[in-house]
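Presented below is the structure to which this report refers.
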Amino acid sequence: MKIGIISDIHSNYEAINSVLKNMKEADKFLCLGDIVGYGADPNCCIEKIIDLNCKCIGGNHDFTVAGKLDINYFNYTARVAIFWTSLQLKKENLNFLVNLEKKIELEENVIAVHGSPQNPLLEYILDKDTASLIFSKFNFKICFVGHSHLAGCFSFNENNNQIDYINLSNGGSIEIIKNKRYIINCGSVGQPRDGNPQASYGIYDLKYNAVNIYRVSYPVNLTQDKIINAGLPRSLADRLSYGR
Ligand SMILES: [Fe+2]
């Protein structure tokens with residue numbers, strides 16, 4: 001069994017299209033939220049996820065467009081995109097966002113949240129101190145997260161209480177072993193911020209107990225033209241060139 005893991009698509013149709021074409025090996029999918037926001041193709045991206053018929057949780061952008069999170073948590077540029085998105089959505093697609101959960105259990109001791117288990121919509125797990133707190137407060141073997149748009153993995157060694165971090169911005173493989181616990185971010189499909197502009201995704205291979213992170217190119221210029229033509233802030237198009 002292989003589970004394809006996607007997160008932070010952010011209305012980038014070209015990126016999700018390229019990612020799904022490269023995920024033929026996946027038997028099923030898990031989406032970690034922020035399907036919309038920033039980009040110019042919110043309806044197409046939601047419809048892609050609906051077609052996958054997969055487990056999906058909501059992100060802070062999805063919840064805000066759905067009217068379930070205060071827009072004042074966001075900076076000006078994000079607010080402009082959220083407002084624009086809310087005007088574009090078809091009723092059935094908005095309804096899909098409204099019904100998203102904040103947290104799911106994929107299997108026993110494997111959970112998925114957008115931000116973190118203690119604050120699913122808003123908390124970023126960016127450093128070992130935060131990861132340490134999460135490992136101590138919550139009982140999981142693997143916690144899949146998105147939100148930071150940074151592909152990487154925190155691991156906790158139960159033998160010596162050591163926490164390590166592996167940067168996966170160029171892809172890589174994490175072996176799931178006994179006596180270790182993991183917080184894994186498979187990166188962002190549609191707006192990477194780890195310095196690699198390629199779309200990021202993961203494959204959780206249950207047979208071989210590994211999570212593999214991959215990066216894939218997509219036609220960035222096309223996505224940027226759509227953002228500019230939609231009248232969205234220019235910076236949202238520019239940053240896609242740099243993966244920042
Ligand atoms: Fe996001």
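Following the order of the structure tokens, chains are lettered A, B, ..., residues in each are numbered from 1, and ligands are numbered from 1.
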Which parts of segment 23-201 of chain A does DSSP call strand (DSSP E) when run on the backbone here, written out as a ChimeraX atom specification? /A:28-31,55-56,103-107,110-113,142-145,152-157,163-167,172-175,180-185,199-201
Skip segment 116-125 of chain A itself and residues of its chain fewer than 6 positions away, then list as a PyMOL selection string all residues within 12 Å of it, counting only C-alpha atoms. chain A and resi 32-34+57-64+68-70+73-74+100-105+110+131-140+142-154+165+183-185
Print the selection's residues with N, CA and C atoms to a file, as a short mmCIF file (atom, residue, chain, number, x, y, z; two decimals), in the first residue's frame.
data_model
loop_
_atom_site.label_atom_id
_atom_site.label_comp_id
_atom_site.auth_asym_id
_atom_site.auth_seq_id
_atom_site.Cartn_x
_atom_site.Cartn_y
_atom_site.Cartn_z
N LEU A 32 -3.39 17.45 2.99
CA LEU A 32 -3.20 18.09 4.30
C LEU A 32 -3.64 19.55 4.35
N GLY A 33 -4.43 19.98 3.37
CA GLY A 33 -5.04 21.30 3.48
C GLY A 33 -4.33 22.42 2.75
N ASP A 34 -4.97 23.61 2.84
CA ASP A 34 -4.60 24.76 2.01
C ASP A 34 -4.67 24.40 0.52
N ILE A 57 -7.91 17.09 5.08
CA ILE A 57 -8.18 18.03 6.16
C ILE A 57 -8.05 19.45 5.63
N GLY A 58 -8.59 20.39 6.37
CA GLY A 58 -8.53 21.78 5.93
C GLY A 58 -7.33 22.50 6.50
N GLY A 59 -6.87 23.52 5.76
CA GLY A 59 -5.81 24.39 6.24
C GLY A 59 -6.37 25.75 6.64
N ASN A 60 -5.51 26.62 7.11
CA ASN A 60 -5.97 27.94 7.57
C ASN A 60 -6.62 28.74 6.43
N HIS A 61 -6.11 28.61 5.21
CA HIS A 61 -6.71 29.34 4.08
C HIS A 61 -8.09 28.77 3.75
N ASP A 62 -8.20 27.44 3.75
CA ASP A 62 -9.49 26.80 3.44
C ASP A 62 -10.55 27.21 4.47
N PHE A 63 -10.16 27.17 5.75
CA PHE A 63 -11.10 27.50 6.82
C PHE A 63 -11.53 28.97 6.76
N THR A 64 -10.61 29.84 6.35
CA THR A 64 -10.95 31.26 6.29
C THR A 64 -11.89 31.55 5.11
N LYS A 68 -14.80 30.15 8.57
CA LYS A 68 -14.67 29.50 9.88
C LYS A 68 -13.41 29.92 10.64
N LEU A 69 -12.61 30.86 10.07
CA LEU A 69 -11.41 31.36 10.75
C LEU A 69 -11.28 32.84 10.41
N ASP A 70 -10.84 33.63 11.39
CA ASP A 70 -10.76 35.09 11.24
C ASP A 70 -9.69 35.47 10.21
N TYR A 73 -5.94 36.93 10.88
CA TYR A 73 -4.72 36.16 11.14
C TYR A 73 -3.71 36.29 9.99
N PHE A 74 -4.14 36.85 8.86
CA PHE A 74 -3.32 36.84 7.64
C PHE A 74 -2.74 38.21 7.33
N LEU A 100 -14.60 20.39 5.75
CA LEU A 100 -13.31 19.76 6.05
C LEU A 100 -13.05 19.69 7.56
N GLU A 101 -12.42 18.59 7.99
CA GLU A 101 -12.03 18.41 9.40
C GLU A 101 -10.68 19.07 9.64
N LYS A 102 -10.32 19.21 10.95
CA LYS A 102 -9.03 19.78 11.30
C LYS A 102 -7.95 18.72 11.53
N LYS A 103 -8.37 17.49 11.79
CA LYS A 103 -7.41 16.45 12.18
C LYS A 103 -7.98 15.08 11.81
N ILE A 104 -7.13 14.19 11.31
CA ILE A 104 -7.61 12.83 11.05
C ILE A 104 -6.57 11.82 11.50
N GLU A 105 -7.05 10.60 11.77
CA GLU A 105 -6.14 9.49 12.06
C GLU A 105 -6.12 8.62 10.82
N VAL A 110 -0.93 7.01 13.47
CA VAL A 110 -0.50 7.87 12.36
C VAL A 110 -1.58 8.93 12.17
N ALA A 131 8.98 21.02 18.17
CA ALA A 131 8.80 19.60 17.88
C ALA A 131 8.85 18.78 19.17
N SER A 132 9.77 19.13 20.07
CA SER A 132 9.92 18.42 21.34
C SER A 132 8.62 18.48 22.15
N LEU A 133 8.03 19.66 22.20
CA LEU A 133 6.77 19.85 22.92
C LEU A 133 5.66 18.97 22.33
N ILE A 134 5.61 18.95 21.01
CA ILE A 134 4.58 18.15 20.32
C ILE A 134 4.80 16.66 20.58
N PHE A 135 6.06 16.21 20.50
CA PHE A 135 6.34 14.79 20.77
C PHE A 135 5.95 14.40 22.20
N SER A 136 6.14 15.35 23.15
CA SER A 136 5.85 15.02 24.55
C SER A 136 4.36 15.07 24.87
N LYS A 137 3.62 15.95 24.19
CA LYS A 137 2.20 16.13 24.51
C LYS A 137 1.28 15.15 23.78
N PHE A 138 1.73 14.64 22.64
CA PHE A 138 0.84 13.81 21.82
C PHE A 138 1.50 12.46 21.55
N ASN A 139 0.63 11.44 21.51
CA ASN A 139 1.13 10.08 21.38
C ASN A 139 0.89 9.58 19.95
N PHE A 140 1.89 9.73 19.10
CA PHE A 140 1.78 9.24 17.72
C PHE A 140 3.12 8.65 17.31
N ILE A 142 3.74 8.59 13.76
CA ILE A 142 4.01 9.56 12.68
C ILE A 142 2.92 10.62 12.72
N CYS A 143 3.33 11.88 12.63
CA CYS A 143 2.39 12.98 12.45
C CYS A 143 2.76 13.68 11.15
N PHE A 144 1.87 13.62 10.17
CA PHE A 144 2.08 14.33 8.91
C PHE A 144 1.53 15.75 9.06
N VAL A 145 2.33 16.74 8.66
CA VAL A 145 1.91 18.14 8.72
C VAL A 145 2.20 18.84 7.40
N GLY A 146 1.59 20.01 7.24
CA GLY A 146 1.90 20.89 6.11
C GLY A 146 2.21 22.27 6.68
N HIS A 147 1.60 23.32 6.10
CA HIS A 147 1.55 24.68 6.66
C HIS A 147 2.83 25.49 6.48
N SER A 148 3.99 24.95 6.78
CA SER A 148 5.22 25.75 6.66
C SER A 148 5.72 25.82 5.22
N HIS A 149 5.27 24.90 4.38
CA HIS A 149 5.73 24.81 2.99
C HIS A 149 7.22 24.43 2.92
N LEU A 150 7.74 23.81 3.97
CA LEU A 150 9.14 23.39 4.02
C LEU A 150 9.18 21.87 4.14
N ALA A 151 9.77 21.20 3.14
CA ALA A 151 9.86 19.74 3.22
C ALA A 151 10.97 19.35 4.20
N GLY A 152 10.59 18.55 5.20
CA GLY A 152 11.58 18.13 6.18
C GLY A 152 10.97 17.22 7.22
N CYS A 153 11.81 16.65 8.07
CA CYS A 153 11.34 15.68 9.06
C CYS A 153 12.05 15.86 10.41
N PHE A 154 11.24 16.01 11.48
CA PHE A 154 11.76 15.93 12.85
C PHE A 154 11.59 14.48 13.31
N TYR A 165 16.63 16.84 12.90
CA TYR A 165 15.86 17.40 11.79
C TYR A 165 16.59 17.11 10.48
N ILE A 183 7.70 13.64 12.88
CA ILE A 183 6.82 14.70 12.37
C ILE A 183 7.33 15.00 10.97
N ILE A 184 6.49 14.71 9.98
CA ILE A 184 6.97 14.77 8.59
C ILE A 184 6.17 15.79 7.80
N ASN A 185 6.89 16.70 7.15
CA ASN A 185 6.28 17.66 6.24
C ASN A 185 6.76 17.31 4.83
#
Compile the contact shell of segment 205-208 of chain A as a PDB file with C-alpha atoms, in the first residue's frame: residues with an atom at most 7 Å away, counting only C-alpha atoms, same-chain residues fewer than 4 positions apart removed.
ATOM      1  CA  MET A   1       0.000   0.000   0.000  1.00  0.00           C
ATOM      2  CA  LYS A   2       1.347   3.416  -0.995  1.00  0.00           C
ATOM      3  CA  ILE A   3      -0.344   6.630   0.146  1.00  0.00           C
TER       4      ILE A   3
END
Two-atom distance - atom CA of Asn12 of chain A, atom CA of Val98 of chain A (Å):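 Computing the Euclidean distance for atom CA of Asn12 of chain A and atom CA of Val98 of chain A yields 20.0 Å.
Distance annotation: of A:Ser241, A:Gln191, A:Asn75, A:Ser217, the residue with the minimal separation from ligand 1 is A:Gln191; atom set is only C-alpha atoms and all ligand atoms.
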Find, counting only C-alpha atoms, the residue in A:Arg215, A:Lys141, A:Arg244, A:Arg234 that gets nearest to Ser169 of chain A.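 Using only C-alpha atoms, Ser169 of chain A sits closest to A:Arg215.
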Counting only C-alpha atoms, the residue of A:Val189, A:Ala230, A:Lys55, A:Asp225 that sits nearest Val113 of chain A: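 Using only C-alpha atoms, the shortest distance to Val113 of chain A belongs to A:Lys55.
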Test item: residues at most 10 Å from Gln162 of chain A, only C-alpha atoms, excluding those fewer than 4 positions along its chain, as a PyMOL selection string: chain A and resi 128+132+155-158+180
Contacts of Val36 of chain A at 12 Å (only C-alpha atoms; same-chain gap of 4+ positions) as a VMD selection string: chain A and resid 7 to 13 16 32 40 to 49 58 to 66 78 81 to 86 88 to 89 93 to 94 96 to 97 189 to 191
Residue selection dump (C-alpha atoms) as a PDB file, in the first residue's frame:
ATOM      1  CA  SER A   7      -0.374  19.627   0.907  1.00  0.00           C
ATOM      2  CA  ASP A   8      -0.550  23.373   0.349  1.00  0.00           C
ATOM      3  CA  ILE A   9      -1.680  23.268  -3.274  1.00  0.00           C
ATOM      4  CA  HIS A  10      -2.772  26.911  -2.967  1.00  0.00           C
ATOM      5  CA  SER A  11      -4.874  27.062  -6.135  1.00  0.00           C
ATOM      6  CA  ASN A  12      -1.906  26.118  -8.323  1.00  0.00           C
ATOM      7  CA  TYR A  13      -3.478  23.892 -10.971  1.00  0.00           C
ATOM      8  CA  ILE A  16      -1.135  19.686  -8.715  1.00  0.00           C
ATOM      9  CA  LEU A  32      -3.204  18.087   4.297  1.00  0.00           C
ATOM     10  CA  ALA A  40      -5.701  31.688  -9.491  1.00  0.00           C
ATOM     11  CA  ASP A  41      -7.333  28.250  -9.883  1.00  0.00           C
ATOM     12  CA  PRO A  42      -9.286  27.521  -6.692  1.00  0.00           C
ATOM     13  CA  ASN A  43     -12.227  25.697  -8.284  1.00  0.00           C
ATOM     14  CA  CYS A  44     -10.087  23.409 -10.473  1.00  0.00           C
ATOM     15  CA  CYS A  45      -7.878  22.499  -7.513  1.00  0.00           C
ATOM     16  CA  ILE A  46     -10.791  21.669  -5.220  1.00  0.00           C
ATOM     17  CA  GLU A  47     -12.352  19.575  -7.994  1.00  0.00           C
ATOM     18  CA  LYS A  48      -9.060  17.663  -8.409  1.00  0.00           C
ATOM     19  CA  ILE A  49      -9.169  16.768  -4.710  1.00  0.00           C
ATOM     20  CA  GLY A  58      -8.532  21.781   5.935  1.00  0.00           C
ATOM     21  CA  GLY A  59      -5.812  24.393   6.240  1.00  0.00           C
ATOM     22  CA  ASN A  60      -5.970  27.937   7.567  1.00  0.00           C
ATOM     23  CA  HIS A  61      -6.712  29.342   4.084  1.00  0.00           C
ATOM     24  CA  ASP A  62      -9.489  26.797   3.443  1.00  0.00           C
ATOM     25  CA  PHE A  63     -11.105  27.504   6.818  1.00  0.00           C
ATOM     26  CA  THR A  64     -10.951  31.265   6.288  1.00  0.00           C
ATOM     27  CA  VAL A  65     -12.493  31.108   2.811  1.00  0.00           C
ATOM     28  CA  ALA A  66     -15.168  28.870   4.375  1.00  0.00           C
ATOM     29  CA  ALA A  78      -2.922  36.667   1.795  1.00  0.00           C
ATOM     30  CA  ALA A  81      -6.136  36.367  -2.226  1.00  0.00           C
ATOM     31  CA  ILE A  82      -8.598  34.922   0.306  1.00  0.00           C
ATOM     32  CA  PHE A  83     -11.165  37.612  -0.502  1.00  0.00           C
ATOM     33  CA  TRP A  84     -10.639  37.066  -4.261  1.00  0.00           C
ATOM     34  CA  THR A  85     -10.976  33.290  -3.808  1.00  0.00           C
ATOM     35  CA  SER A  86     -14.230  33.609  -1.873  1.00  0.00           C
ATOM     36  CA  GLN A  88     -14.671  32.783  -7.333  1.00  0.00           C
ATOM     37  CA  LEU A  89     -15.834  29.595  -5.663  1.00  0.00           C
ATOM     38  CA  ASN A  93     -16.715  23.691  -3.920  1.00  0.00           C
ATOM     39  CA  LEU A  94     -17.242  26.144  -1.057  1.00  0.00           C
ATOM     40  CA  PHE A  96     -16.480  21.010   0.300  1.00  0.00           C
ATOM     41  CA  LEU A  97     -14.228  23.455   2.198  1.00  0.00           C
ATOM     42  CA  VAL A 189       2.655  21.337  -4.003  1.00  0.00           C
ATOM     43  CA  GLY A 190       1.805  24.833  -5.135  1.00  0.00           C
ATOM     44  CA  GLN A 191       3.923  27.345  -3.241  1.00  0.00           C
TER      45      GLN A 191
END
Spatial neighbours of Arg239 of chain A, max dist 10 Å, only C-alpha atoms, sep filter under 3 positions, as a PyMOL selection string: chain A and resi 191-193+195+197+224+234-236+242-244
Based on the selection just made, write N, CA, C and O atoms of those residues as an mmCIF file, in the first residue's frame.
data_model
loop_
_atom_site.group_PDB
_atom_site.id
_atom_site.type_symbol
_atom_site.label_atom_id
_atom_site.label_comp_id
_atom_site.auth_asym_id
_atom_site.auth_seq_id
_atom_site.Cartn_x
_atom_site.Cartn_y
_atom_site.Cartn_z
ATOM 1 N N GLN A 191 3.175 26.143 -3.585
ATOM 2 C CA GLN A 191 3.923 27.345 -3.241
ATOM 3 C C GLN A 191 5.087 26.975 -2.296
ATOM 4 O O GLN A 191 5.087 27.335 -1.119
ATOM 5 N N PRO A 192 6.079 26.244 -2.827
ATOM 6 C CA PRO A 192 7.217 25.865 -1.978
ATOM 7 C C PRO A 192 7.940 27.098 -1.441
ATOM 8 O O PRO A 192 8.008 28.124 -2.107
ATOM 9 N N ARG A 193 8.421 26.975 -0.197
ATOM 10 C CA ARG A 193 9.157 28.082 0.420
ATOM 11 C C ARG A 193 10.518 27.623 0.940
ATOM 12 O O ARG A 193 11.114 28.277 1.792
ATOM 13 N N GLY A 195 13.199 27.100 -0.932
ATOM 14 C CA GLY A 195 14.272 27.453 -1.859
ATOM 15 C C GLY A 195 14.304 26.605 -3.125
ATOM 16 O O GLY A 195 15.121 26.836 -4.005
ATOM 17 N N PRO A 197 11.922 25.709 -6.225
ATOM 18 C CA PRO A 197 10.627 26.069 -6.811
ATOM 19 C C PRO A 197 9.818 24.896 -7.355
ATOM 20 O O PRO A 197 8.646 25.061 -7.707
ATOM 21 N N GLN A 224 2.086 31.741 -13.158
ATOM 22 C CA GLN A 224 2.352 33.156 -12.867
ATOM 23 C C GLN A 224 1.487 34.068 -13.735
ATOM 24 O O GLN A 224 0.944 35.065 -13.232
ATOM 25 N N ARG A 234 1.165 40.845 -7.455
ATOM 26 C CA ARG A 234 2.276 40.397 -8.303
ATOM 27 C C ARG A 234 3.285 39.526 -7.526
ATOM 28 O O ARG A 234 3.878 38.592 -8.059
ATOM 29 N N SER A 235 3.456 39.848 -6.245
ATOM 30 C CA SER A 235 4.436 39.108 -5.439
ATOM 31 C C SER A 235 4.086 37.623 -5.344
ATOM 32 O O SER A 235 4.972 36.774 -5.189
ATOM 33 N N LEU A 236 2.784 37.306 -5.443
ATOM 34 C CA LEU A 236 2.370 35.905 -5.361
ATOM 35 C C LEU A 236 2.822 35.123 -6.594
ATOM 36 O O LEU A 236 3.059 33.913 -6.519
ATOM 37 N N TYR A 242 11.212 31.426 -7.254
ATOM 38 C CA TYR A 242 12.331 31.210 -6.310
ATOM 39 C C TYR A 242 12.037 30.146 -5.264
ATOM 40 O O TYR A 242 12.942 29.709 -4.545
ATOM 41 N N GLY A 243 10.782 29.753 -5.146
ATOM 42 C CA GLY A 243 10.434 28.808 -4.077
ATOM 43 C C GLY A 243 10.635 29.426 -2.713
ATOM 44 O O GLY A 243 11.057 28.778 -1.762
ATOM 45 N N ARG A 244 10.259 30.722 -2.591
ATOM 46 C CA ARG A 244 10.379 31.427 -1.308
ATOM 47 C C ARG A 244 9.062 32.097 -0.952
ATOM 48 O O ARG A 244 8.313 32.464 -1.835
#
So what do you get for atom CA of Gly172 of chain A versus atom CA of Val211 of chain A, distance-wise? 8.5 Å
Name the closest residue to ligand 1 among the candidates A:Asn159, A:Ser188, A:Thr223, A:Gln198; distances are taken between atoms, counting only C-alpha atoms and all ligand atoms. A:Ser188
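Shortest separation to Asn196 of chain A among A:Pro233, A:Gly115, A:Gly171, A:Gly39 occurs at residue A:Gly171, atoms counted being only C-alpha atoms.
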Option closest in space to ligand 1, from A:His114, A:Ile228, A:Ile50, A:Glu92 [counting only C-alpha atoms and all ligand atoms]: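 Of A:His114, A:Ile228, A:Ile50, A:Glu92, the one nearest ligand 1 is A:His114, counting only C-alpha atoms and all ligand atoms.
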Atom pair atom CA of Arg181 of chain A + atom CA of Ile111 of chain A, distance 11.8 Å
